[in-house]
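Engineer: I'd like to ask some things about the structure below.
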Amino acid sequence: MLIKKVDILGVKIVPLTMEQTVKKIIGFLNEQKNHLIFTPNPEVIMAADKDKAFRNILNEADLVIPDGIGVILASKILKKEIPERVAGCDLIQQIFSRIKNTEKTVYFFGAAPGIAERAAKNMQNTHENLKVIGTRHGFFNKEEEPKIVEKINALAPDILLVGLGVPKQEKWLCRYRNKLNVKVCIGVGGSFDVLSGNIKRAPNSFQKLGLEWLYRLIQQPKRWVRMLQLPLFMLKIFKVRIMN
Ligand code: UDP
């Protein structure tokens, strides 16, 4: 079934619930081609608004998922409902719980040395029988890239999680999508830091109130410049609403 995407400042988001998204990705695992999945929040959408090439990279993905309460709010203001937030970090854990007792395999690529390994161990403790078949940190130079792809392909994981931060992970995946022997690639941003316990995720109470961004700001005050994009994003959305 063709899903009508929701346009948020030129980024085409799929209006699916968490459950529908997980089902779709599990379906991708049984197809022959490689699928790209990105999880933009308002900050990322603002970056795409300023950079057409980056926006095109996002829109060429198979699924662009609303990761951020601001994206849901924007869809409401624009009267194009997106049902719920699908946070990348929650999404991958939902996928892990579905594949843990199957033959499907995962590779963690990104974050500082040691973090992806720790994240993998934690996930294998939480999701017993989860098959994480490889990890690699996310710091490398251009010359190393073909070797990284080669190593991933030698293991041929079903799912490749790439946490190099935005827009590096999207650009990297766009460059190598046709060379990667995997079924699903997901850009996961800083998720390995959370899954490894390096950074704490906002408590449920914050998440329910739509204040995860505030918790992140308190934890990582250096993010405040990046977070200035949030009110600018909302202003832009109101502008679009008024103009249409
Ligand atoms: N990172 C990386 N390689 C790089 C730059 C960053 O692996 O060259 C990692 C970094 O260690 C962190 C993640 O990318 O784990 C970016 O996290 P952030 O919370 O900034 O994610 P974003 O908001 O960009 O999705």
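To be explicit about the labels: the chains of the structure tokens are called A, B, and onward in the order shown, and within each one the residues are counted from 1, while ligands get numbers from 1 in the order they are shown.
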Using only C-alpha atoms and all ligand atoms, determine which residues fall within 9 Å of ligand 1, then list them as JSON, numbers by chain.

Structural biologist: {"A": [39, 40, 41, 43, 44, 109, 110, 111, 112, 113, 115, 116, 137, 138, 139, 140, 141, 162, 163, 164, 165, 166, 167, 168, 169, 187, 188, 189, 190, 191, 192, 193, 194, 223, 226]}

Engineer: Please give the complete set of residues from stretch 41-146 of chain A that DSSP, run on the backbone, assigns to strand (DSSP E or B), formatted as a PyMOL selection string.

Structural biologist: chain A and resi 63-64+105-110+131-136

Engineer: With only C-alpha atoms as the basis for distance, which of A:Lys121, A:Lys33, A:Lys200, A:Lys179 is at the shortest distance from A:Ile152?

Structural biologist: A:Lys179

Engineer: Could you check which of A:Leu91, A:Val225, A:Leu130, A:Leu180 is closest to A:Glu145, using only C-alpha atoms?

Structural biologist: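 For A:Glu145, the nearest of the candidates is A:Leu180.
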
Engineer: Rounded to one decimal place, report the atom CA of A:Lys52-atom CA of A:Met243 distance in Å.

Structural biologist: 21.3 Å

Engineer: Stretch 206-214 of chain A: which residues within 12 Å, counting only C-alpha atoms, same-chain residues fewer than 5 positions away excluded, as a PyMOL selection string?

Structural biologist: chain A and resi 41-43+67-73+84-87+90+200-201+219-221+223-224+226-231

Engineer: I'd like the contact shell of A:Arg118 - 10 Å cut-off, only C-alpha atoms, skipping same-chain residues fewer than 5 positions apart - returned as an mmCIF file with C-alpha atoms, in the first residue's frame.

Structural biologist:
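For reference, around_39.cif as written:
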data_model
loop_
_atom_site.group_PDB
_atom_site.id
_atom_site.type_symbol
_atom_site.label_atom_id
_atom_site.label_comp_id
_atom_site.auth_asym_id
_atom_site.auth_seq_id
_atom_site.Cartn_x
_atom_site.Cartn_y
_atom_site.Cartn_z
ATOM 1 C CA PRO A 113 35.619 3.830 20.592
ATOM 2 C CA MET A 123 21.182 -4.841 24.183
ATOM 3 C CA GLN A 124 22.141 -8.519 24.242
ATOM 4 C CA THR A 135 30.596 -3.254 15.936
ATOM 5 C CA PHE A 192 24.635 4.146 20.907
ATOM 6 C CA ASP A 193 25.542 6.648 23.641
ATOM 7 C CA LEU A 195 22.090 2.284 24.737
ATOM 8 C CA SER A 196 25.589 2.002 26.231
ATOM 9 C CA GLY A 197 24.531 3.995 29.299
ATOM 10 C CA ASN A 198 26.989 6.770 28.389
#

Engineer: Can you pull out every residue within 10 Å of A:Lys236, counting only C-alpha atoms, but drop anything in the same chain fewer than 6 positions away, and send it as a ChimeraX atom specification?

Structural biologist: /A:9,46,74,230,242

Engineer: Would you give me, as a ChimeraX atom specification, the residues in stretch 5-242 of chain A that DSSP reads as alpha helix (DSSP H)?

Structural biologist: /A:18-28,42-50,52-59,69-77,88-99,115-126,145-155,168-176,191-195,204-208,212-219,224-227,229-242

Engineer: Which polymer residues have any atom within 12 Å of an atom of A:Gln94, counting only C-alpha atoms, with same-chain residues fewer than 3 positions away left out, as a PDB file with N, CA and C atoms, in the first residue's frame?

Structural biologist:
ATOM      1  N   MET A  18       4.338   3.738  15.733  1.00  0.00           N
ATOM      2  CA  MET A  18       5.512   2.915  16.037  1.00  0.00           C
ATOM      3  C   MET A  18       5.281   1.484  15.556  1.00  0.00           C
ATOM      4  N   GLU A  19       4.095   0.946  15.889  1.00  0.00           N
ATOM      5  CA  GLU A  19       3.796  -0.448  15.544  1.00  0.00           C
ATOM      6  C   GLU A  19       3.826  -0.661  14.022  1.00  0.00           C
ATOM      7  N   GLN A  20       3.218   0.255  13.291  1.00  0.00           N
ATOM      8  CA  GLN A  20       3.194   0.136  11.820  1.00  0.00           C
ATOM      9  C   GLN A  20       4.604   0.255  11.240  1.00  0.00           C
ATOM     10  N   THR A  21       5.413   1.139  11.843  1.00  0.00           N
ATOM     11  CA  THR A  21       6.783   1.334  11.361  1.00  0.00           C
ATOM     12  C   THR A  21       7.597   0.061  11.568  1.00  0.00           C
ATOM     13  N   VAL A  22       7.465  -0.530  12.750  1.00  0.00           N
ATOM     14  CA  VAL A  22       8.218  -1.755  13.056  1.00  0.00           C
ATOM     15  C   VAL A  22       7.820  -2.852  12.062  1.00  0.00           C
ATOM     16  N   LYS A  23       6.520  -2.994  11.827  1.00  0.00           N
ATOM     17  CA  LYS A  23       6.034  -4.030  10.888  1.00  0.00           C
ATOM     18  C   LYS A  23       6.635  -3.823   9.506  1.00  0.00           C
ATOM     19  N   ILE A  25       9.405  -2.337   8.713  1.00  0.00           N
ATOM     20  CA  ILE A  25      10.848  -2.636   8.686  1.00  0.00           C
ATOM     21  C   ILE A  25      11.083  -4.145   8.721  1.00  0.00           C
ATOM     22  N   ILE A  26      10.293  -4.850   9.500  1.00  0.00           N
ATOM     23  CA  ILE A  26      10.420  -6.317   9.528  1.00  0.00           C
ATOM     24  C   ILE A  26      10.141  -6.869   8.121  1.00  0.00           C
ATOM     25  N   VAL A  86       7.968   8.695  16.630  1.00  0.00           N
ATOM     26  CA  VAL A  86       8.634   7.391  16.560  1.00  0.00           C
ATOM     27  C   VAL A  86      10.124   7.664  16.783  1.00  0.00           C
ATOM     28  N   ALA A  87      10.535   7.636  18.040  1.00  0.00           N
ATOM     29  CA  ALA A  87      11.930   7.969  18.367  1.00  0.00           C
ATOM     30  C   ALA A  87      12.845   6.840  17.896  1.00  0.00           C
ATOM     31  N   GLY A  88      13.944   7.210  17.224  1.00  0.00           N
ATOM     32  CA  GLY A  88      14.868   6.219  16.685  1.00  0.00           C
ATOM     33  C   GLY A  88      15.341   5.232  17.733  1.00  0.00           C
ATOM     34  N   CYS A  89      15.646   5.757  18.920  1.00  0.00           N
ATOM     35  CA  CYS A  89      16.184   4.920  19.992  1.00  0.00           C
ATOM     36  C   CYS A  89      15.157   3.867  20.453  1.00  0.00           C
ATOM     37  N   ASP A  90      13.872   4.266  20.476  1.00  0.00           N
ATOM     38  CA  ASP A  90      12.811   3.308  20.842  1.00  0.00           C
ATOM     39  C   ASP A  90      12.565   2.336  19.696  1.00  0.00           C
ATOM     40  N   LEU A  91      12.587   2.879  18.484  1.00  0.00           N
ATOM     41  CA  LEU A  91      12.312   2.051  17.306  1.00  0.00           C
ATOM     42  C   LEU A  91      13.285   0.878  17.222  1.00  0.00           C
ATOM     43  N   SER A  97      13.420  -6.477  19.872  1.00  0.00           N
ATOM     44  CA  SER A  97      12.552  -7.416  20.589  1.00  0.00           C
ATOM     45  C   SER A  97      11.830  -8.342  19.600  1.00  0.00           C
ATOM     46  N   ARG A  98      11.613  -7.875  18.344  1.00  0.00           N
ATOM     47  CA  ARG A  98      10.949  -8.745  17.347  1.00  0.00           C
ATOM     48  C   ARG A  98      11.916  -9.743  16.725  1.00  0.00           C
ATOM     49  N   ILE A  99      13.199  -9.372  16.581  1.00  0.00           N
ATOM     50  CA  ILE A  99      14.108 -10.278  15.836  1.00  0.00           C
ATOM     51  C   ILE A  99      14.984 -11.136  16.734  1.00  0.00           C
ATOM     52  N   LYS A 100      14.906 -10.897  18.048  1.00  0.00           N
ATOM     53  CA  LYS A 100      15.906 -11.540  18.927  1.00  0.00           C
ATOM     54  C   LYS A 100      15.942 -13.068  18.828  1.00  0.00           C
ATOM     55  N   MET A 123      22.361  -4.411  24.944  1.00  0.00           N
ATOM     56  CA  MET A 123      21.182  -4.841  24.183  1.00  0.00           C
ATOM     57  C   MET A 123      21.044  -6.363  24.187  1.00  0.00           C
ATOM     58  N   THR A 126      19.513  -7.186  27.494  1.00  0.00           N
ATOM     59  CA  THR A 126      18.074  -6.875  27.543  1.00  0.00           C
ATOM     60  C   THR A 126      17.288  -7.790  26.611  1.00  0.00           C
ATOM     61  N   HIS A 127      17.823  -8.021  25.408  1.00  0.00           N
ATOM     62  CA  HIS A 127      17.116  -8.826  24.404  1.00  0.00           C
ATOM     63  C   HIS A 127      17.935 -10.098  24.176  1.00  0.00           C
ATOM     64  N   LEU A 130      19.678 -11.791  20.916  1.00  0.00           N
ATOM     65  CA  LEU A 130      19.837 -10.814  19.837  1.00  0.00           C
ATOM     66  C   LEU A 130      21.212 -11.028  19.205  1.00  0.00           C
TER      67      LEU A 130
END

Engineer: Set the distance at 8 Å and use only C-alpha atoms: which residues neighbour A:Cys185 once local chain neighbours fewer than 6 positions away are removed? I'd like the list as an mmCIF file with C-alpha atoms, in the first residue's frame.

Structural biologist:
data_model
loop_
_atom_site.group_PDB
_atom_site.id
_atom_site.type_symbol
_atom_site.label_atom_id
_atom_site.label_comp_id
_atom_site.auth_asym_id
_atom_site.auth_seq_id
_atom_site.Cartn_x
_atom_site.Cartn_y
_atom_site.Cartn_z
ATOM 1 C CA ASN A 34 18.787 -2.397 0.763
ATOM 2 C CA HIS A 35 16.436 0.044 2.535
ATOM 3 C CA LEU A 36 17.418 3.375 4.081
ATOM 4 C CA ILE A 37 15.656 4.765 7.126
ATOM 5 C CA ILE A 159 20.386 -4.501 9.824
ATOM 6 C CA LEU A 160 23.112 -1.858 9.880
ATOM 7 C CA LEU A 161 22.716 0.875 12.508
ATOM 8 C CA VAL A 162 24.801 3.960 11.727
ATOM 9 C CA LEU A 173 24.675 5.984 3.877
#

Engineer: Can you measure atom CA of A:Asn59 to atom CA of A:Thr17 for me? One decimal in Å is fine.

Structural biologist: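 For atom CA of A:Asn59 relative to atom CA of A:Thr17, the distance reads 19.1 Å.
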
Engineer: Could you check which of A:Ile77, A:Ala120, A:Ala154, A:Met234 is closest to A:Gln93, using only C-alpha atoms?

Structural biologist: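 Ranked by minimum distance to A:Gln93, first place goes to A:Ala120.
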
Engineer: What gap, in Å, lies between atom CA of A:Ala119 and atom CA of A:Val64?

Structural biologist: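 These two atoms are separated by 23.9 Å.
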